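Source file: model.txt (compact mmCIF, C-alpha atoms)
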```
# COMPACT_ATOMS: atom_id res chain seq x y z
CA MET A 1208 0.00 0.00 0.00
CA ASP A 1209 1.37 3.36 -1.10
CA ILE A 1210 0.75 5.64 1.89
CA GLU A 1211 2.93 8.38 0.46
CA LEU A 1212 0.76 8.58 -2.68
CA ILE A 1213 -2.43 8.71 -0.59
CA GLY A 1214 -0.93 11.52 1.51
CA ARG A 1215 -0.18 13.47 -1.63
CA ILE A 1216 -3.49 13.17 -3.47
CA TRP A 1217 -6.14 13.03 -0.74
CA PRO A 1218 -6.92 16.79 -1.06
CA PHE A 1219 -8.22 16.13 -4.60
CA PHE A 1220 -10.54 13.50 -3.18
CA ALA A 1221 -11.72 15.86 -0.48
CA GLU A 1222 -12.59 18.43 -3.13
CA ALA A 1223 -14.39 15.77 -5.18
CA ALA A 1224 -16.26 14.60 -2.08
CA TRP A 1225 -17.66 18.09 -1.73
CA VAL A 1226 -19.03 17.86 -5.29
CA THR A 1227 -20.64 14.50 -4.40
CA VAL A 1228 -22.23 16.13 -1.34
CA LYS A 1229 -23.51 19.12 -3.33
CA ILE A 1230 -24.95 17.07 -6.17
CA SER A 1231 -26.58 14.67 -3.70
CA ILE A 1232 -28.20 17.39 -1.61
CA LEU A 1233 -29.59 19.18 -4.67
CA ALA A 1234 -30.86 15.92 -6.16
CA ILE A 1235 -32.46 14.89 -2.85
CA MET A 1236 -34.26 18.24 -2.66
CA LEU A 1237 -35.51 17.88 -6.22
CA GLY A 1238 -36.48 14.25 -5.54
CA LEU A 1239 -38.43 15.18 -2.39
CA THR A 1240 -40.34 17.89 -4.25
CA LEU A 1241 -41.20 15.60 -7.16
CA GLY A 1242 -41.89 12.64 -4.88
CA PHE A 1243 -44.23 14.62 -2.68
CA THR A 1244 -46.12 16.11 -5.62
CA ALA A 1245 -46.38 12.75 -7.36
CA ALA A 1246 -47.50 10.99 -4.17
CA LEU A 1247 -50.36 13.43 -3.63
CA ALA A 1248 -51.28 13.29 -7.31
CA SER A 1249 -51.21 9.49 -7.40
CA LEU A 1250 -53.62 9.34 -4.46
CA SER A 1251 -56.00 11.81 -6.05
CA ARG A 1252 -59.42 10.73 -7.18
CA ASN A 1253 -58.95 12.72 -10.38
CA PRO A 1254 -57.51 10.48 -13.15
CA VAL A 1255 -55.91 13.49 -14.89
CA LEU A 1256 -53.64 13.85 -11.84
CA ARG A 1257 -53.38 10.19 -10.93
CA TRP A 1258 -52.48 8.74 -14.28
CA PRO A 1259 -49.40 10.90 -15.08
CA ALA A 1260 -48.07 10.44 -11.54
CA ARG A 1261 -48.39 6.66 -11.71
CA SER A 1262 -46.76 6.53 -15.16
CA TYR A 1263 -43.87 8.67 -13.92
CA VAL A 1264 -43.23 6.29 -11.04
CA SER A 1265 -43.55 3.18 -13.18
CA LEU A 1266 -41.32 4.43 -16.01
CA PHE A 1267 -38.57 5.87 -13.83
CA ARG A 1268 -38.47 2.91 -11.47
CA GLY A 1269 -38.66 0.51 -14.38
CA THR A 1270 -35.55 1.65 -16.24
CA PRO A 1271 -31.91 2.10 -15.16
CA ALA A 1272 -30.89 5.49 -13.75
CA LEU A 1273 -27.82 5.38 -16.00
CA ILE A 1274 -29.98 5.20 -19.15
CA GLN A 1275 -32.15 8.07 -17.90
CA LEU A 1276 -29.05 10.16 -17.31
CA PHE A 1277 -27.64 9.39 -20.77
CA LEU A 1278 -30.97 10.13 -22.38
CA LEU A 1279 -31.06 13.53 -20.70
CA TYR A 1280 -27.43 14.51 -21.18
CA PHE A 1281 -26.56 13.00 -24.58
CA GLY A 1282 -30.06 12.80 -26.06
CA GLY A 1283 -31.31 16.10 -24.64
CA PRO A 1284 -29.60 18.38 -27.20
CA GLN A 1285 -31.59 16.66 -29.99
CA ILE A 1286 -34.82 17.88 -28.44
CA GLY A 1287 -33.43 21.27 -27.47
CA ILE A 1288 -32.29 20.56 -23.89
CA HIS A 1289 -28.69 21.70 -23.42
CA LEU A 1290 -27.32 21.09 -19.94
CA GLU A 1291 -23.95 21.28 -18.22
CA PRO A 1292 -22.83 17.93 -16.74
CA PHE A 1293 -23.49 19.11 -13.18
CA GLU A 1294 -27.01 20.33 -14.02
CA ALA A 1295 -27.81 17.16 -15.94
CA GLY A 1296 -26.51 15.15 -12.97
CA VAL A 1297 -28.76 16.94 -10.47
CA ILE A 1298 -31.82 16.69 -12.70
CA GLY A 1299 -31.17 13.10 -13.80
CA LEU A 1300 -30.56 11.83 -10.26
CA GLY A 1301 -33.35 13.94 -8.76
CA VAL A 1302 -36.02 12.85 -11.22
CA ASN A 1303 -34.98 9.22 -10.76
CA ILE A 1304 -35.00 9.24 -6.95
CA GLY A 1305 -38.24 11.25 -6.97
CA ALA A 1306 -40.03 8.17 -8.32
CA TYR A 1307 -38.72 6.02 -5.46
CA MET A 1308 -39.46 8.75 -2.91
CA CYS A 1309 -43.00 8.99 -4.23
CA GLU A 1310 -43.50 5.33 -3.29
CA SER A 1311 -42.08 5.91 0.20
CA ILE A 1312 -44.36 8.90 0.78
CA ARG A 1313 -47.38 7.19 -0.72
CA GLY A 1314 -46.79 4.12 1.42
CA ALA A 1315 -46.64 6.26 4.55
CA ILE A 1316 -49.86 8.09 3.67
CA ILE A 1317 -51.70 4.85 2.89
CA SER A 1318 -50.56 3.33 6.18
CA VAL A 1319 -52.47 5.95 8.19
CA GLU A 1320 -55.61 4.22 9.35
CA LYS A 1321 -58.74 4.87 7.30
CA GLY A 1322 -60.78 5.77 10.36
CA GLN A 1323 -58.68 8.92 10.68
CA THR A 1324 -59.94 10.19 7.33
CA GLU A 1325 -63.50 9.32 8.21
CA ALA A 1326 -63.24 10.98 11.61
CA GLY A 1327 -61.84 14.11 9.98
CA SER A 1328 -64.71 14.28 7.46
CA CYS A 1329 -67.25 13.67 10.21
CA LEU A 1330 -65.84 16.65 12.09
CA GLY A 1331 -66.65 18.72 9.03
CA LEU A 1332 -63.12 19.19 7.65
CA ALA A 1333 -62.67 19.57 3.90
CA HIS A 1334 -60.63 16.97 1.96
CA HIS A 1335 -57.49 19.13 1.85
CA GLN A 1336 -57.83 19.94 5.56
CA VAL A 1337 -58.08 16.26 6.43
CA MET A 1338 -54.92 15.67 4.38
CA SER A 1339 -52.88 18.56 5.77
CA ARG A 1340 -54.08 18.55 9.39
CA ILE A 1341 -54.67 14.88 10.10
CA ILE A 1342 -53.13 12.49 7.60
CA LEU A 1343 -49.82 14.14 6.72
CA PRO A 1344 -48.65 14.87 10.29
CA GLN A 1345 -49.17 11.21 11.14
CA ALA A 1346 -47.70 9.97 7.86
CA ALA A 1347 -44.61 12.17 8.36
CA ARG A 1348 -43.40 9.90 11.15
CA MET A 1349 -43.71 6.88 8.95
CA MET A 1350 -41.91 8.32 5.92
CA VAL A 1351 -38.65 9.53 7.47
CA ARG A 1352 -36.93 6.15 7.49
CA PRO A 1353 -37.87 4.99 3.98
CA LEU A 1354 -36.98 8.43 2.61
CA GLY A 1355 -33.67 8.18 4.43
CA VAL A 1356 -33.03 4.83 2.73
CA ASN A 1357 -33.83 6.45 -0.65
CA ALA A 1358 -31.52 9.38 0.07
CA ILE A 1359 -28.61 7.13 1.07
CA ALA A 1360 -29.15 5.05 -2.06
CA LEU A 1361 -28.97 8.29 -4.01
CA ILE A 1362 -25.66 9.35 -2.41
CA LYS A 1363 -24.12 6.06 -3.51
CA GLY A 1364 -25.97 6.13 -6.82
CA SER A 1365 -24.60 9.61 -7.53
CA ALA A 1366 -21.42 7.81 -8.63
CA ILE A 1367 -23.01 7.33 -12.05
CA VAL A 1368 -22.68 11.04 -12.89
CA SER A 1369 -18.95 10.34 -13.29
CA THR A 1370 -19.90 8.83 -16.65
CA ILE A 1371 -21.05 12.25 -17.90
CA SER A 1372 -17.77 13.75 -16.61
CA VAL A 1373 -18.91 15.43 -13.43
CA VAL A 1374 -15.70 15.57 -11.41
CA GLU A 1375 -16.96 13.91 -8.21
CA LEU A 1376 -15.53 11.11 -6.06
CA SER A 1377 -15.89 8.18 -8.44
CA TYR A 1378 -14.64 10.21 -11.39
CA THR A 1379 -11.59 11.22 -9.38
CA ALA A 1380 -10.98 7.63 -8.27
CA HIS A 1381 -11.24 6.40 -11.86
CA ARG A 1382 -8.89 9.12 -13.11
CA TYR A 1383 -6.24 8.30 -10.50
CA ILE A 1384 -6.58 4.57 -11.10
CA SER A 1385 -5.82 5.20 -14.78
CA SER A 1386 -2.84 7.46 -14.07
CA THR A 1387 -1.26 5.62 -11.10
CA TYR A 1388 -2.38 1.98 -11.61
CA LYS A 1389 -3.15 1.76 -7.89
CA PRO A 1390 -6.80 0.59 -7.77
CA PHE A 1391 -6.70 -0.57 -4.12
CA GLU A 1392 -5.38 2.71 -2.77
CA MET A 1393 -7.86 4.75 -4.79
CA PHE A 1394 -10.74 2.50 -3.73
CA ILE A 1395 -9.82 2.88 -0.07
CA LEU A 1396 -9.42 6.65 -0.39
CA ALA A 1397 -12.78 7.15 -2.15
CA SER A 1398 -14.48 4.64 0.19
CA VAL A 1399 -13.38 6.59 3.27
CA PHE A 1400 -15.14 9.67 1.91
CA TYR A 1401 -18.27 7.78 0.80
CA LEU A 1402 -18.54 5.98 4.14
CA ALA A 1403 -18.07 9.25 6.01
CA ILE A 1404 -20.79 10.99 3.99
CA VAL A 1405 -23.20 8.06 4.29
CA THR A 1406 -22.54 7.66 8.04
CA ILE A 1407 -23.03 11.35 8.81
CA PHE A 1408 -26.16 11.37 6.69
CA SER A 1409 -27.68 8.33 8.38
CA TYR A 1410 -27.11 9.95 11.78
CA GLY A 1411 -28.95 12.97 10.40
CA VAL A 1412 -31.86 10.75 9.34
CA LYS A 1413 -31.99 9.12 12.79
CA TRP A 1414 -31.95 12.55 14.43
CA VAL A 1415 -34.85 13.78 12.25
CA ASP A 1416 -36.70 10.51 12.86
CA ARG A 1417 -36.43 10.95 16.64
CA GLY A 1418 -37.49 14.60 16.37
CA VAL A 1419 -40.57 13.75 14.32
CA ALA A 1420 -41.51 10.85 16.60
CA LEU A 1421 -41.45 13.10 19.66
CA GLU A 1422 -43.94 15.56 18.22
CA MET B 1297 -31.14 17.49 -35.39
CA GLY B 1298 -34.70 16.17 -35.29
CA LEU B 1299 -35.74 12.75 -34.20
CA ASP B 1300 -35.80 9.80 -36.55
CA PHE B 1301 -36.88 6.50 -35.05
CA THR B 1302 -36.93 4.69 -38.40
CA ILE B 1303 -33.19 4.10 -37.97
CA ILE B 1304 -33.70 1.68 -35.06
CA PRO B 1305 -34.57 -1.46 -37.11
CA GLU B 1306 -31.15 -1.23 -38.81
CA TYR B 1307 -29.50 -1.87 -35.46
CA LEU B 1308 -32.08 -4.27 -34.07
CA ASP B 1309 -29.73 -7.28 -34.09
CA LEU B 1310 -27.21 -5.35 -32.00
CA LEU B 1311 -29.84 -4.35 -29.47
CA ILE B 1312 -31.28 -7.85 -29.23
CA ALA B 1313 -27.82 -9.33 -28.67
CA GLY B 1314 -27.25 -6.69 -25.98
CA THR B 1315 -30.55 -7.59 -24.34
CA TRP B 1316 -29.53 -11.26 -24.12
CA TRP B 1317 -26.25 -10.30 -22.49
CA THR B 1318 -28.12 -8.13 -19.99
CA VAL B 1319 -30.43 -11.04 -19.17
CA ALA B 1320 -27.45 -13.41 -18.88
CA LEU B 1321 -25.62 -10.97 -16.58
CA THR B 1322 -28.70 -10.62 -14.40
CA VAL B 1323 -29.42 -14.34 -14.13
CA VAL B 1324 -25.82 -15.45 -13.56
CA SER B 1325 -25.09 -12.66 -11.07
CA MET B 1326 -28.33 -13.29 -9.19
CA ALA B 1327 -27.57 -17.02 -8.91
CA MET B 1328 -24.05 -16.32 -7.67
CA SER B 1329 -25.15 -13.62 -5.28
CA LEU B 1330 -27.68 -16.05 -3.79
CA ILE B 1331 -25.02 -18.69 -3.20
CA ILE B 1332 -22.62 -16.16 -1.67
CA GLY B 1333 -25.53 -14.61 0.22
CA VAL B 1334 -26.40 -17.95 1.87
CA VAL B 1335 -22.73 -18.46 2.84
CA PHE B 1336 -22.57 -14.95 4.30
CA ALA B 1337 -25.84 -15.42 6.18
CA VAL B 1338 -24.66 -18.68 7.73
CA MET B 1339 -21.31 -17.11 8.64
CA GLN B 1340 -23.03 -14.15 10.29
CA LEU B 1341 -25.13 -16.51 12.40
CA SER B 1342 -22.01 -18.27 13.64
CA ARG B 1343 -21.09 -18.25 17.30
CA HIS B 1344 -17.46 -17.44 16.54
CA ARG B 1345 -16.49 -13.82 16.19
CA LEU B 1346 -13.66 -14.66 13.80
CA VAL B 1347 -16.22 -16.08 11.38
CA ARG B 1348 -18.73 -13.26 11.88
CA TRP B 1349 -16.48 -10.23 11.79
CA PRO B 1350 -15.01 -10.53 8.28
CA VAL B 1351 -18.52 -10.72 6.83
CA THR B 1352 -19.74 -7.82 8.96
CA PHE B 1353 -16.82 -5.69 7.81
CA PHE B 1354 -17.26 -6.64 4.17
CA ALA B 1355 -21.00 -5.93 4.35
CA TRP B 1356 -20.37 -2.52 5.93
CA LEU B 1357 -17.83 -1.67 3.22
CA PHE B 1358 -19.97 -2.83 0.30
CA MET B 1359 -23.19 -1.31 1.60
CA GLY B 1360 -21.57 2.07 2.14
CA THR B 1361 -19.85 2.50 -1.21
CA PRO B 1362 -21.17 2.78 -4.77
CA LEU B 1363 -21.39 -0.25 -7.03
CA LEU B 1364 -19.50 1.72 -9.69
CA LEU B 1365 -16.51 2.12 -7.37
CA GLN B 1366 -16.60 -1.59 -6.51
CA LEU B 1367 -16.66 -2.35 -10.21
CA PHE B 1368 -13.51 -0.26 -10.73
CA LEU B 1369 -11.82 -1.99 -7.78
CA ILE B 1370 -12.58 -5.48 -9.06
CA TYR B 1371 -11.89 -4.82 -12.72
CA PHE B 1372 -8.63 -2.89 -12.30
CA GLY B 1373 -7.63 -4.56 -9.02
CA LEU B 1374 -7.74 -8.07 -10.43
CA VAL B 1375 -5.64 -6.95 -13.38
CA GLN B 1376 -3.09 -5.53 -10.94
CA ILE B 1377 -2.71 -8.80 -9.06
CA GLY B 1378 -2.19 -10.57 -12.38
CA LEU B 1379 -5.70 -11.91 -13.05
CA ASP B 1380 -6.61 -10.49 -16.42
CA LEU B 1381 -10.28 -11.43 -16.46
CA ASN B 1382 -12.56 -10.52 -19.27
CA ALA B 1383 -15.00 -7.72 -18.59
CA PHE B 1384 -18.04 -10.01 -18.36
CA VAL B 1385 -16.48 -12.12 -15.60
CA ALA B 1386 -15.36 -9.01 -13.71
CA GLY B 1387 -18.87 -7.57 -14.07
CA VAL B 1388 -20.45 -10.77 -12.75
CA ILE B 1389 -18.06 -10.84 -9.78
CA ALA B 1390 -18.77 -7.21 -8.88
CA LEU B 1391 -22.56 -7.53 -9.23
CA SER B 1392 -22.65 -10.83 -7.29
CA LEU B 1393 -20.56 -9.52 -4.39
CA HIS B 1394 -22.52 -6.27 -4.23
CA PHE B 1395 -25.91 -7.99 -4.18
CA ALA B 1396 -24.73 -10.90 -2.00
CA VAL B 1397 -24.44 -8.45 0.89
CA TYR B 1398 -28.06 -7.39 0.53
CA ASN B 1399 -29.28 -10.94 -0.14
CA SER B 1400 -27.50 -12.28 2.94
CA ASP B 1401 -29.38 -9.77 5.11
CA ILE B 1402 -32.69 -10.96 3.66
CA ILE B 1403 -31.80 -14.65 4.02
CA ARG B 1404 -30.47 -14.19 7.56
CA SER B 1405 -33.62 -12.54 8.81
CA ALA B 1406 -35.73 -15.25 7.12
CA ILE B 1407 -33.78 -17.96 8.96
CA ILE B 1408 -34.12 -16.11 12.27
CA ALA B 1409 -37.84 -15.56 11.66
CA ILE B 1410 -38.71 -19.27 11.61
CA ASP B 1411 -40.04 -20.23 14.99
CA ASP B 1412 -38.13 -22.79 17.05
CA GLY B 1413 -41.41 -24.60 17.54
CA GLN B 1414 -41.30 -25.58 13.87
CA TYR B 1415 -38.08 -27.59 14.40
CA GLU B 1416 -39.46 -29.15 17.54
CA ALA B 1417 -42.81 -29.99 15.96
CA ALA B 1418 -41.17 -31.60 12.94
CA ARG B 1419 -38.82 -33.61 15.12
CA SER B 1420 -41.55 -34.82 17.41
CA LEU B 1421 -43.56 -35.95 14.37
CA GLY B 1422 -40.66 -38.27 13.67
CA LEU B 1423 -39.05 -36.45 10.76
CA SER B 1424 -35.29 -36.82 10.46
CA GLN B 1425 -32.97 -33.81 10.62
CA PHE B 1426 -32.75 -33.82 6.82
CA GLN B 1427 -36.52 -34.10 6.37
CA THR B 1428 -37.08 -31.32 8.90
CA MET B 1429 -34.92 -29.04 6.84
CA THR B 1430 -36.24 -29.94 3.38
CA ARG B 1431 -39.92 -30.38 4.26
CA THR B 1432 -40.47 -27.85 7.02
CA ILE B 1433 -37.82 -25.17 7.36
CA VAL B 1434 -36.65 -24.51 3.80
CA PRO B 1435 -40.16 -24.22 2.22
CA GLN B 1436 -41.15 -21.64 4.82
CA ALA B 1437 -37.89 -19.73 4.51
CA VAL B 1438 -38.22 -19.69 0.71
CA ALA B 1439 -41.76 -18.35 0.97
CA ASN B 1440 -40.55 -15.61 3.31
CA VAL B 1441 -37.64 -14.47 1.13
CA THR B 1442 -39.28 -14.67 -2.30
CA PRO B 1443 -40.72 -11.11 -2.43
CA ALA B 1444 -37.57 -9.42 -1.13
CA LEU B 1445 -35.21 -11.46 -3.32
CA GLY B 1446 -37.44 -10.78 -6.30
CA ASN B 1447 -37.05 -7.07 -5.71
CA MET B 1448 -33.28 -7.54 -5.50
CA MET B 1449 -33.26 -9.26 -8.88
CA ILE B 1450 -35.22 -6.38 -10.37
CA ALA B 1451 -32.70 -3.95 -8.88
CA LEU B 1452 -29.88 -6.09 -10.25
CA LEU B 1453 -31.32 -5.93 -13.76
CA LYS B 1454 -31.22 -2.14 -13.67
CA GLU B 1455 -27.84 -1.87 -11.96
CA SER B 1456 -26.31 -4.25 -14.49
CA SER B 1457 -26.29 -1.29 -16.89
CA LEU B 1458 -23.24 0.01 -14.95
CA VAL B 1459 -20.98 -2.74 -16.26
CA SER B 1460 -21.10 -1.01 -19.63
CA VAL B 1461 -18.39 1.33 -18.28
CA ILE B 1462 -15.86 -1.52 -18.12
CA GLY B 1463 -16.78 -2.64 -21.63
CA VAL B 1464 -19.30 -5.46 -21.26
CA MET B 1465 -21.38 -5.48 -24.44
CA GLU B 1466 -24.75 -5.57 -22.69
CA LEU B 1467 -27.78 -3.50 -23.62
CA THR B 1468 -26.43 -0.09 -22.56
CA LEU B 1469 -23.12 -0.48 -24.36
CA SER B 1470 -24.90 -1.91 -27.42
CA ALA B 1471 -27.02 1.22 -27.55
CA GLN B 1472 -23.84 3.30 -27.28
CA ARG B 1473 -22.29 1.35 -30.17
CA ALA B 1474 -25.35 2.07 -32.29
CA ILE B 1475 -25.08 5.74 -31.33
CA SER B 1476 -21.41 6.09 -32.17
CA ASP B 1477 -22.29 4.69 -35.58
CA SER B 1478 -25.48 6.65 -36.25
CA PHE B 1479 -25.11 9.75 -33.99
CA ARG B 1480 -28.69 9.26 -32.78
CA SER B 1481 -28.39 9.43 -28.99
CA PHE B 1482 -31.97 10.17 -28.06
CA GLU B 1483 -33.48 7.46 -30.25
CA PHE B 1484 -31.22 4.65 -29.06
CA TYR B 1485 -31.20 5.52 -25.38
CA LEU B 1486 -34.98 5.67 -25.53
CA ALA B 1487 -35.05 2.32 -27.33
CA ALA B 1488 -32.75 0.83 -24.67
CA ALA B 1489 -34.96 2.28 -21.92
CA ALA B 1490 -38.03 0.70 -23.57
CA ILE B 1491 -36.32 -2.71 -23.70
CA TYR B 1492 -35.24 -2.47 -20.05
CA TYR B 1493 -38.79 -1.54 -19.15
CA VAL B 1494 -40.26 -4.56 -20.92
CA VAL B 1495 -37.72 -6.95 -19.38
CA ASN B 1496 -38.40 -5.35 -16.01
CA LEU B 1497 -42.17 -5.82 -16.31
CA THR B 1498 -41.68 -9.44 -17.37
CA LEU B 1499 -39.46 -10.04 -14.36
CA GLU B 1500 -41.94 -8.35 -12.03
CA GLN B 1501 -44.68 -10.61 -13.36
CA ALA B 1502 -42.49 -13.69 -12.84
CA VAL B 1503 -41.76 -12.59 -9.28
CA ARG B 1504 -45.45 -12.13 -8.60
CA ILE B 1505 -46.30 -15.63 -9.89
CA THR B 1506 -43.50 -17.21 -7.83
CA GLU B 1507 -44.69 -15.28 -4.82
CA ARG B 1508 -48.22 -16.60 -5.21
CA ARG B 1509 -47.00 -20.16 -5.65
CA SER B 1510 -44.75 -20.12 -2.62
CA ALA B 1511 -47.26 -18.26 -0.44
CA ARG B 1512 -49.08 -21.50 0.39
CA TYR B 1513 -46.06 -22.64 2.45
CA ARG B 1514 -46.33 -19.68 4.74
```
Mind turning the file's structure into structure tokens?
Amino acid sequence: MDIELIGRIWPFFAEAAWVTVKISILAIMLGLTLGFTAALASLSRNPVLRWPARSYVSLFRGTPALIQLFLLYFGGPQIGIHLEPFEAGVIGLGVNIGAYMCESIRGAIISVEKGQTEAGSCLGLAHHQVMSRIILPQAARMMVRPLGVNAIALIKGSAIVSTISVVELSYTAHRYISSTYKPFEMFILASVFYLAIVTIFSYGVKWVDRGVALE
Amino acid sequence: MGLDFTIIPEYLDLLIAGTWWTVALTVVSMAMSLIIGVVFAVMQLSRHRLVRWPVTFFAWLFMGTPLLLQLFLIYFGLVQIGLDLNAFVAGVIALSLHFAVYNSDIIRSAIIAIDDGQYEAARSLGLSQFQTMTRTIVPQAVANVTPALGNMMIALLKESSLVSVIGVMELTLSAQRAISDSFRSFEFYLAAAAIYYVVNLTLEQAVRITERRSARYR
């Protein structure tokens, strides 16, 4: 193991790790927004809202994230979408994880007992009031953990944006493997950063989960 | 440049060949990851720390890092230690190890979930140790793991697209070949997405049927 090499190049990995963090946070925010919207739409009684939401989830969960990213970044210019690699990465990852997050949110909403809805209506609350005042606060507790699982999968999955030349952790690891022929060292170096990010993030999820449960 | 989907039939053979390789990758890697997953699960249930710890460490490492990075490690790492494997073999090894970690978790909890009373009941009915396992324990464990393992296989199908980066001529790389020849990115990536979607739906249906069949052992 070449410790001297690791000592020399780790700052480049630290910089790349920051890109991984940025792209992940932005994609998670986009995914949450899309997931939440799609979850509400897919539970709507109106087929004009329900049908597009369900197709979105089915199509984006049914095809590889890598293909979706390539379609956006390489295929996009043909239909007039020109994006920088970083932007394409955020959008590609965010739209993909949004479909999975939709299922997590929808599952949490469905798991709230039906009697709660009925009780709310009996008390004279409108449909949107029942949703926002009764169902969602209870569903929120149930969705933190599955959404956390989605978000952590996204952090690891963000490695695929290296294929559209976003200079993040996996791109940097690949580049140094090609120039130094030291795959083990580069794997360990990149892994340390990934494990640190994932560990910190899962503590964050646990912290939020406890906070929501206390309410 | 507008869209022109009429070009796809010209490259249909390439795409179909790629699809078969994707299916082969998925099936072979799933089978291997199941075997390794069972070994890992049994090791993690061991009473000896020296047997448990290596698996725990490996699982922690492979669950916390991206598949793409693991693919680089295995493909370039094996070359470095003198094993010049072809890309398909390296891809299968990476996918099997990655999914074995998740499968072993599923299998382990299924083994734990079977009530001790089931062993005792089978034994007191006069079944041998072997019969207890094959007639009582395994059918129930299989019924319990089928849905979760089915989802893993569906995930594996999609993740197998990553091995295109090390040069395995599966569906994604076949689409890229067609693109570098025709310069029609949108059309071929969309075609590849459509094929993945169809294979995915077929697999989902197969999982559902298996689930229904094995449910009677629950």
Taking all atoms listed in the file into account, report as an NGL selection string which residues of chain A lie within 9 Å of chain B.
:A and (1265-1266 or 1268-1275 or 1277-1279 or 1281-1286 or 1359-1360 or 1362-1367 or 1370 or 1377 or 1380-1381 or 1384-1385 or 1388-1391 or 1393-1394 or 1397-1399 or 1401-1403 or 1405-1406)
Work out how far apart atom CA of Arg1512 of chain B and atom CA of Ala1406 of chain B are and give it in Å to one decimal.
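That distance, rounded to one decimal, is 16.2 Å.
Pairwise distance (atom CA of Trp1217 of chain A, atom CA of Gly1411 of chain A) equals 25.4 Å.
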How far is it from atom CA of Ala1474 of chain B to atom CA of Leu1361 of chain A, in Å with one decimal?
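Result for atom CA of Ala1474 of chain B versus atom CA of Leu1361 of chain A: 29.2 Å, one decimal.
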Would you kindly identify which residues have an atom no farther than 12 Å from (-31.5, -1.9, -34.2), using all atoms listed in the file and the file's own coordinates, and write them out as number ranges by chain?
B: 1301-1315, 1467, 1470-1475, 1477-1478, 1480, 1483-1485, 1487-1488, 1491
Would you please work out which residue, of B:Ser1325, B:Leu1423, B:Ala1439, B:Val1335, is nearest to Ala1390 of chain B when using only C-alpha atoms?
B:Ser1325
Using the file's own x, y and z axes, so that the box edges lie along x, y and z, what centre and edge lengths in Å (one decimal) does a box around every listed atom of segment 1300-1318 of chain B get when 6 Å is added on each side? Give it as JSON.
```
{"center_x": -31.6, "center_y": -0.7, "center_z": -29.4, "size_x": 22.7, "size_y": 33.1, "size_z": 30.8}
```
Would you kindly return, as a ChimeraX atom specification, each protein, DNA or RNA residue with an atom no farther than 12 Å from any atom of Ser1262 of chain A, considering all atoms listed in the file and excluding same-chain residues fewer than 5 positions away?
/A:1245-1246,1248-1249,1254-1257,1267-1269,1306,1309
I'd like the contact shell of Pro1344 of chain A - 12 Å cut-off, all atoms listed in the file, skipping same-chain residues fewer than 3 positions apart - returned as a PyMOL selection string.
chain A and resi 1315-1316+1319+1323+1336-1341+1347-1351+1419-1422
Neighbouring residues of segment 1424-1434 of chain B were defined as those with any atom within 8 Å, considering all atoms listed in the file; residues of the same chain fewer than 5 positions away were excluded. Please report them as a ChimeraX atom specification.
/B:1410,1414-1415,1418-1419
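Ranking B:Glu1466, B:Asp1401, B:Asp1300, B:Asp1411 by their shortest atom-to-atom distance to Val1334 of chain B, with all atoms listed in the file included, puts B:Asp1401 first.
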